[in-house]
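Chemist: Provided herewith: coords17.csv, CSV, C-alpha atoms.
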chain,number,residue,atom,x,y,z
Q,15,MET,CA,28.9,14.5,7.3
Q,16,THR,CA,26.3,11.9,6.4
Q,17,ARG,CA,22.8,12.3,7.9
Q,18,ARG,CA,19.8,10.1,7.7
Q,19,VAL,CA,16.7,11.9,6.5
Q,20,ARG,CA,13.1,10.6,6.9
Q,21,PHE,CA,10.4,11.4,4.3
Q,22,THR,CA,6.6,11.0,4.3
Q,23,LEU,CA,5.4,10.6,0.8
Q,24,GLU,CA,2.1,10.4,-1.1
Q,25,TRP,CA,1.6,9.5,-4.8
Q,26,ASP,CA,-0.8,8.5,-7.5
Q,27,GLY,CA,0.2,5.1,-8.5
Q,28,ARG,CA,-1.4,5.0,-11.9
Q,29,PRO,CA,1.7,6.0,-14.0
Q,30,PHE,CA,4.1,3.8,-12.0
Q,31,MET,CA,5.2,0.1,-12.0
Q,32,GLY,CA,5.2,0.3,-8.2
Q,33,TRP,CA,7.6,1.7,-5.6
Q,34,GLN,CA,10.7,-0.3,-6.5
Q,35,ARG,CA,13.0,0.6,-9.4
Q,36,GLN,CA,12.2,-1.5,-12.5
Q,37,PRO,CA,14.1,-2.0,-15.8
Q,38,HIS,CA,10.9,-2.0,-17.8
Q,39,GLY,CA,9.1,1.1,-16.6
Q,40,PRO,CA,8.9,4.1,-14.2
Q,41,SER,CA,8.8,3.7,-10.5
Q,42,VAL,CA,8.1,6.0,-7.5
Q,43,GLN,CA,11.6,5.2,-6.1
Q,44,GLU,CA,13.2,6.3,-9.3
Q,45,ALA,CA,11.2,9.5,-9.4
Q,46,VAL,CA,12.2,10.5,-5.8
Q,47,GLU,CA,15.8,9.5,-6.2
Q,48,THR,CA,16.1,11.5,-9.4
Q,49,ALA,CA,14.6,14.6,-7.7
Q,50,LEU,CA,17.0,14.2,-4.8
Q,51,ALA,CA,19.9,13.9,-7.1
Q,52,HIS,CA,18.9,17.2,-8.8
Q,53,ILE,CA,18.7,19.0,-5.5
Q,54,THR,CA,21.7,17.6,-3.7
Q,55,GLY,CA,24.0,16.3,-6.4
Q,56,GLU,CA,24.1,12.9,-4.6
Q,57,ASP,CA,23.1,9.5,-5.9
Q,58,ALA,CA,21.2,8.4,-2.8
Q,59,VAL,CA,19.1,5.3,-2.4
Q,60,VAL,CA,15.7,5.9,-1.0
Q,61,HIS,CA,14.3,3.0,1.1
Q,62,ALA,CA,10.5,2.8,1.8
Q,63,ALA,CA,8.4,1.1,4.5
Q,64,GLY,CA,6.6,-0.9,1.8
Q,65,ARG,CA,7.1,-2.1,-1.8
Q,66,THR,CA,3.8,-1.3,-3.4
Q,67,ASP,CA,2.7,-2.8,-6.7
Q,68,ALA,CA,2.0,-1.2,-10.1
Q,69,GLY,CA,-1.1,1.1,-9.8
Q,70,VAL,CA,-1.1,1.1,-6.0
Q,71,HIS,CA,-1.3,4.5,-4.3
Q,72,ALA,CA,0.1,6.0,-1.1
Q,73,SER,CA,-1.0,8.8,1.2
Q,74,GLY,CA,1.4,8.2,4.1
Q,75,MET,CA,4.4,6.1,2.9
Q,76,VAL,CA,7.6,6.6,5.1
Q,77,ALA,CA,11.0,6.4,3.4
Q,78,HIS,CA,14.6,7.4,4.3
Q,79,ALA,CA,17.9,8.2,2.6
Q,80,GLU,CA,21.4,8.9,3.7
Q,81,LEU,CA,22.6,12.3,2.5
Q,82,GLU,CA,25.5,14.7,3.0
Q,83,THR,CA,23.6,17.8,2.0
Q,84,GLY,CA,23.6,20.8,4.3
Q,85,LEU,CA,20.1,21.8,3.3
Q,86,SER,CA,17.6,22.0,6.1
Q,87,ALA,CA,14.8,19.3,6.1
Q,88,PHE,CA,12.3,22.0,5.1
Q,89,ARG,CA,14.5,23.3,2.2
Q,90,LEU,CA,15.1,19.7,1.1
Q,91,MET,CA,11.3,19.0,1.0
Q,92,GLU,CA,10.6,22.2,-0.9
Q,93,GLY,CA,13.3,21.4,-3.4
Q,94,VAL,CA,12.3,17.8,-4.0
Q,95,ASN,CA,8.7,18.8,-4.4
Q,96,ALA,CA,9.6,21.5,-6.9
Q,97,ARG,CA,11.7,19.0,-9.0
Q,98,LEU,CA,8.9,16.4,-8.9
Q,99,LYS,CA,6.3,18.9,-10.1
Q,100,LEU,CA,8.7,20.1,-12.8
Q,101,ALA,CA,9.1,16.5,-14.0
Q,102,GLY,CA,5.3,16.0,-14.0
Q,103,GLN,CA,5.5,13.2,-11.4
Q,104,PRO,CA,2.4,12.8,-9.3
Q,105,VAL,CA,4.5,12.4,-6.1
Q,106,ALA,CA,4.7,14.7,-3.1
Q,107,VAL,CA,6.8,14.9,0.0
Q,108,LEU,CA,4.5,15.7,2.9
Q,109,GLU,CA,7.1,15.8,5.7
Q,110,THR,CA,10.9,15.7,6.0
Q,111,GLU,CA,12.9,15.4,9.2
Q,112,ASP,CA,16.3,14.2,10.4
Q,113,ALA,CA,16.2,10.7,11.8
Q,114,PRO,CA,18.4,8.7,14.2
Q,115,ALA,CA,21.3,6.9,12.5
Q,116,ASP,CA,19.8,3.5,13.2
Q,117,PHE,CA,16.4,4.4,11.8
Q,118,HIS,CA,15.4,2.3,8.7
Q,119,ALA,CA,12.1,2.9,7.0
Q,120,ARG,CA,11.5,-0.8,6.2
Q,121,PHE,CA,13.3,-2.7,9.0
Q,122,SER,CA,12.3,-0.4,11.9
Q,123,CYS,CA,8.6,-0.4,10.8
Q,124,THR,CA,6.4,-2.2,13.4
Q,125,GLY,CA,3.1,-1.8,11.5
Q,126,ARG,CA,1.7,-1.1,8.1
Q,127,ALA,CA,-1.9,0.0,7.3
Q,128,TYR,CA,-3.7,0.0,4.0
Q,129,ASP,CA,-7.1,1.2,2.9
Q,130,TYR,CA,-9.0,-0.4,-0.1
Q,131,ARG,CA,-11.6,1.9,-1.6
Q,132,ILE,CA,-14.7,0.6,-3.4
Q,133,LEU,CA,-17.2,2.8,-5.1
Q,134,CYS,CA,-20.6,1.1,-5.5
Q,135,ARG,CA,-22.4,2.7,-8.4
Q,136,ARG,CA,-23.7,1.7,-11.8
Q,137,ALA,CA,-22.3,4.7,-13.7
Q,138,PRO,CA,-18.7,4.4,-15.1
Q,139,LEU,CA,-15.9,6.2,-13.3
Q,140,THR,CA,-14.7,9.6,-14.4
Q,141,TRP,CA,-12.2,11.5,-12.2
Q,142,ASN,CA,-12.1,8.5,-9.8
Q,143,ASP,CA,-11.0,6.1,-12.5
Q,144,GLY,CA,-7.9,4.2,-11.3
Q,145,LEU,CA,-8.3,5.5,-7.8
Q,146,VAL,CA,-11.1,3.2,-6.6
Q,147,TRP,CA,-12.6,-0.2,-7.6
Q,148,ARG,CA,-16.1,0.3,-9.1
Q,149,ARG,CA,-18.7,-2.4,-8.3
Q,150,PRO,CA,-22.1,-1.9,-10.0
Q,151,LYS,CA,-24.3,-2.8,-7.0
Q,152,PRO,CA,-24.4,-2.1,-3.3
Q,153,LEU,CA,-22.5,-4.5,-1.0
Q,154,GLU,CA,-23.8,-6.2,2.0
Q,155,ILE,CA,-21.6,-4.7,4.7
Q,156,GLY,CA,-22.8,-6.8,7.6
Q,157,ALA,CA,-21.9,-10.1,5.9
Q,158,MET,CA,-18.5,-8.7,4.8
Q,159,ALA,CA,-17.7,-7.6,8.3
Q,160,GLU,CA,-18.6,-11.1,9.6
Q,161,ALA,CA,-16.3,-12.7,7.0
Q,162,ALA,CA,-13.5,-10.2,7.7
Q,163,ALA,CA,-13.5,-11.1,11.4
Q,164,LEU,CA,-12.6,-14.7,10.4
Q,165,LEU,CA,-9.3,-13.5,8.8
Q,166,VAL,CA,-8.1,-11.4,11.8
Q,167,GLY,CA,-5.4,-13.1,13.9
Q,168,ARG,CA,-2.5,-15.4,13.1
Q,169,HIS,CA,-3.1,-17.6,10.1
Q,170,ASP,CA,-1.5,-19.4,7.2
Q,171,PHE,CA,-2.5,-17.0,4.4
Q,172,SER,CA,-1.3,-19.2,1.5
Q,173,THR,CA,-4.7,-18.8,-0.2
Q,174,PHE,CA,-4.3,-15.0,-0.1
Q,175,ARG,CA,-0.7,-15.0,-1.3
Q,176,HIS,CA,0.6,-14.3,-4.9
Q,177,VAL,CA,2.2,-17.3,-6.5
Q,178,HIS,CA,5.5,-15.2,-6.8
Q,179,CYS,CA,5.5,-14.0,-3.2
Q,180,GLN,CA,9.0,-14.1,-1.9
Q,181,ALA,CA,8.1,-14.2,1.9
Q,182,GLN,CA,9.8,-17.1,3.7
Q,183,SER,CA,6.5,-18.0,5.4
Q,184,PRO,CA,2.8,-17.6,4.6
Q,185,VAL,CA,2.0,-17.2,8.2
Q,186,LYS,CA,1.1,-13.7,9.2
Q,187,THR,CA,-0.8,-11.9,12.0
Q,188,LEU,CA,-3.5,-9.7,10.7
Q,189,ASP,CA,-4.3,-7.1,13.4
Q,190,ARG,CA,-7.2,-5.3,11.8
Q,191,LEU,CA,-9.6,-6.0,8.9
Q,192,GLU,CA,-12.6,-3.7,9.2
Q,193,ILE,CA,-15.1,-2.1,6.8
Q,194,SER,CA,-16.6,1.4,6.8
Q,195,GLU,CA,-19.3,2.9,4.5
Q,196,SER,CA,-19.9,6.5,3.5
Q,197,GLY,CA,-22.6,6.9,0.9
Q,198,GLN,CA,-21.5,4.8,-2.1
Q,199,MET,CA,-17.9,4.5,-0.9
Q,200,VAL,CA,-16.9,1.3,1.0
Q,201,THR,CA,-13.5,1.3,2.5
Q,202,ILE,CA,-11.7,-1.8,3.8
Q,203,HIS,CA,-9.1,-1.1,6.5
Q,204,ALA,CA,-6.3,-3.6,7.0
Q,205,ALA,CA,-3.4,-3.4,9.4
Q,206,ALA,CA,-0.5,-5.8,10.3
Q,207,ARG,CA,3.2,-5.8,11.0
Q,208,SER,CA,3.7,-6.9,7.4
Q,209,PHE,CA,1.7,-8.4,4.6
Q,210,LEU,CA,2.3,-11.1,1.9
Q,211,HIS,CA,2.4,-10.1,-1.7
Q,212,HIS,CA,-1.2,-9.4,-2.9
Q,213,GLN,CA,-2.6,-10.3,0.5
Q,214,VAL,CA,-4.8,-7.2,0.9
Q,215,ARG,CA,-6.1,-7.4,-2.6
Q,216,SER,CA,-6.8,-11.1,-2.3
Q,217,MET,CA,-8.7,-10.6,1.0
Q,218,VAL,CA,-10.7,-7.7,-0.5
Q,219,GLY,CA,-11.6,-9.9,-3.5
Q,220,ALA,CA,-13.0,-12.6,-1.1
Q,221,LEU,CA,-14.9,-10.0,0.9
Q,222,VAL,CA,-16.5,-8.5,-2.2
Q,223,LEU,CA,-17.7,-12.0,-3.2
Q,224,VAL,CA,-19.4,-12.1,0.2
Q,225,GLY,CA,-20.8,-8.5,-0.2
Q,226,GLU,CA,-22.3,-9.4,-3.6
Q,227,GLY,CA,-23.9,-12.6,-2.2
Q,228,ARG,CA,-21.8,-15.0,-4.3
Q,229,TRP,CA,-20.0,-16.3,-1.2
Q,230,GLY,CA,-20.9,-16.5,2.5
Q,231,PRO,CA,-18.6,-16.0,5.5
Q,232,ALA,CA,-18.2,-19.8,5.6
Q,233,ASP,CA,-16.7,-19.7,2.1
Q,234,VAL,CA,-14.0,-17.3,3.2
Q,235,LYS,CA,-13.2,-19.5,6.2
Q,236,ALA,CA,-13.0,-22.5,3.9
Q,237,ALA,CA,-10.7,-20.6,1.5
Q,238,LEU,CA,-8.4,-19.6,4.3
Q,239,GLU,CA,-8.3,-23.2,5.6
Q,240,ALA,CA,-7.6,-24.6,2.1
Q,241,ARG,CA,-4.2,-22.9,2.1
Q,242,ASN,CA,-4.3,-23.0,-1.6
Q,243,ARG,CA,-4.3,-20.1,-4.1
Q,244,ALA,CA,-6.7,-22.0,-6.3
Q,245,ALA,CA,-9.4,-21.6,-3.6
Q,246,LEU,CA,-9.4,-17.8,-4.2
Q,247,LYS,CA,-12.0,-16.9,-6.8
Q,248,LEU,CA,-11.5,-13.1,-7.1
Q,249,ASN,CA,-8.4,-10.9,-6.7
Q,250,ALA,CA,-9.1,-7.2,-6.4
Q,251,PRO,CA,-7.3,-4.9,-8.9
Q,252,PRO,CA,-4.6,-2.4,-7.6
Q,253,ASP,CA,-6.8,0.6,-8.4
Q,254,GLY,CA,-8.4,1.0,-5.0
Q,255,LEU,CA,-5.4,0.1,-2.8
Q,256,TRP,CA,-3.8,2.9,-0.7
Q,257,PHE,CA,-0.8,2.6,1.6
Q,258,VAL,CA,-2.0,5.0,4.4
Q,259,ARG,CA,0.3,4.5,7.4
Q,260,ALA,CA,3.6,3.2,8.6
Q,261,THR,CA,4.1,2.8,12.4
Q,262,TYR,CA,7.3,2.8,14.4
Q,263,GLY,CA,8.0,1.8,17.9
Q,264,GLN,CA,4.5,0.7,18.8
Q,265,ALA,CA,1.7,-1.6,17.6
Q,266,SER,CA,0.2,-1.2,14.1
Q,267,GLU,CA,-3.0,0.2,15.5
What does the file become when written as structure tokens?

Modeler:
Amino acid sequence: MTRRVRFTLEWDGRPFMGWQRQPHGPSVQEAVETALAHITGEDAVVHAAGRTDAGVHASGMVAHAELETGLSAFRLMEGVNARLKLAGQPVAVLETEDAPADFHARFSCTGRAYDYRILCRRAPLTWNDGLVWRRPKPLEIGAMAEAAALLVGRHDFSTFRHVHCQAQSPVKTLDRLEISESGQMVTIHAAARSFLHHQVRSMVGALVLVGEGRWGPADVKAALEARNRAALKLNAPPDGLWFVRATYGQASE
């Protein structure tokens, strides 16, 4: 009898080409599906709430698969984690549970949240290399927060959209774009029902320009209103981007 199983996953995105299977390199999806096949003997497809890019990390990605195995959710989690560890894959299953037959990790998702982590210090990165974006000087958080508020709401985000984005419309509703600071670490929190390709990284790039004094909040507003990718002067790297939460059945925040 087929059952639908829901997984919550975390991973270090540095070795991967992103979530989705790729013909030219390793992916998180391939790693999880391969581990599942070893445990269950089934060639199941694993669907995730978001399709993260190369180098992007996750601490709370939700995924699901249709399986026939009689293993309990706990034994399935333990087995998959053991196989992932044996294969040297920096991926872990945090939770596993049986889900309703109509649950879909991607299409049932009503909110997605990302954090972007910036470490402000002059010294090069060591054990945080690839996990945060290093900026050599402190950022002006107040100005960044003022600029971020201008992006919240429903807008045409063409400026903050990758040229190869496949979304049918550039119009999205951004529910949250806030900034927190702890010591040298600055974290930008973004939440929406869905995002355009590179939208978070593009918004972070604009906010960092403001934080470094190279742009003002008015420049961010002008870039948004330009609806033109050419108006974006800095796109943040994938290193500091983390998928932190998928929401189901309620608002994204």

Chemist: Counting all atoms listed in the file, which residues of range 117-148 of chain Q sit at most 12 Å from some atom of range 229-250 of chain Q, and what is each one's closest atom pair with its distance in Å to one decimal, listed by chain and rising residue number, as a Markdown table?

Modeler:
| residue | atom | partner | partner_atom | distance |
| --- | --- | --- | --- | --- |
| Q:Tyr130 | CA | Q:Ala250 | CA | 9.3 |
| Q:Arg131 | CA | Q:Ala250 | CA | 10.6 |
| Q:Ile132 | CA | Q:Ala250 | CA | 10.1 |
| Q:Val146 | CA | Q:Ala250 | CA | 10.6 |
| Q:Trp147 | CA | Q:Ala250 | CA | 7.9 |
| Q:Arg148 | CA | Q:Ala250 | CA | 10.6 |

Chemist: May I ask which of the residues Q:Ser183, Q:Pro152, Q:Val166, Q:Arg259 is the closest one to Val222 in chain Q, counting only C-alpha atoms?

Modeler: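 Between Q:Ser183, Q:Pro152, Q:Val166, Q:Arg259, the residue approaching Val222 in chain Q most closely is Q:Pro152.
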
Chemist: Mind listing as a PyMOL selection string all residues within 12 Å of (6.7, -13.4, -10.3), counting all atoms listed in the file?

Modeler: chain Q and resi 67+175-180+211-212

Chemist: Find the nearest atom pair between each residue of range 194-253 of chain Q and range 70-94 of chain Q for residues within 10 Å, count only C-alpha atoms, give distances in Å to one decimal, sort rows by chain and ascending number, and present the table as a Markdown table.

Modeler:
| residue | atom | partner | partner_atom | distance |
| --- | --- | --- | --- | --- |
| Q:Pro251 | CA | Q:Val70 | CA | 9.1 |
| Q:Pro252 | CA | Q:Val70 | CA | 5.2 |
| Q:Asp253 | CA | Q:Val70 | CA | 6.2 |

Chemist: Rounded to one decimal place, report the CA of Leu255 in chain Q-CA of Ala113 in chain Q distance in Å.

Modeler: 28.1 Å
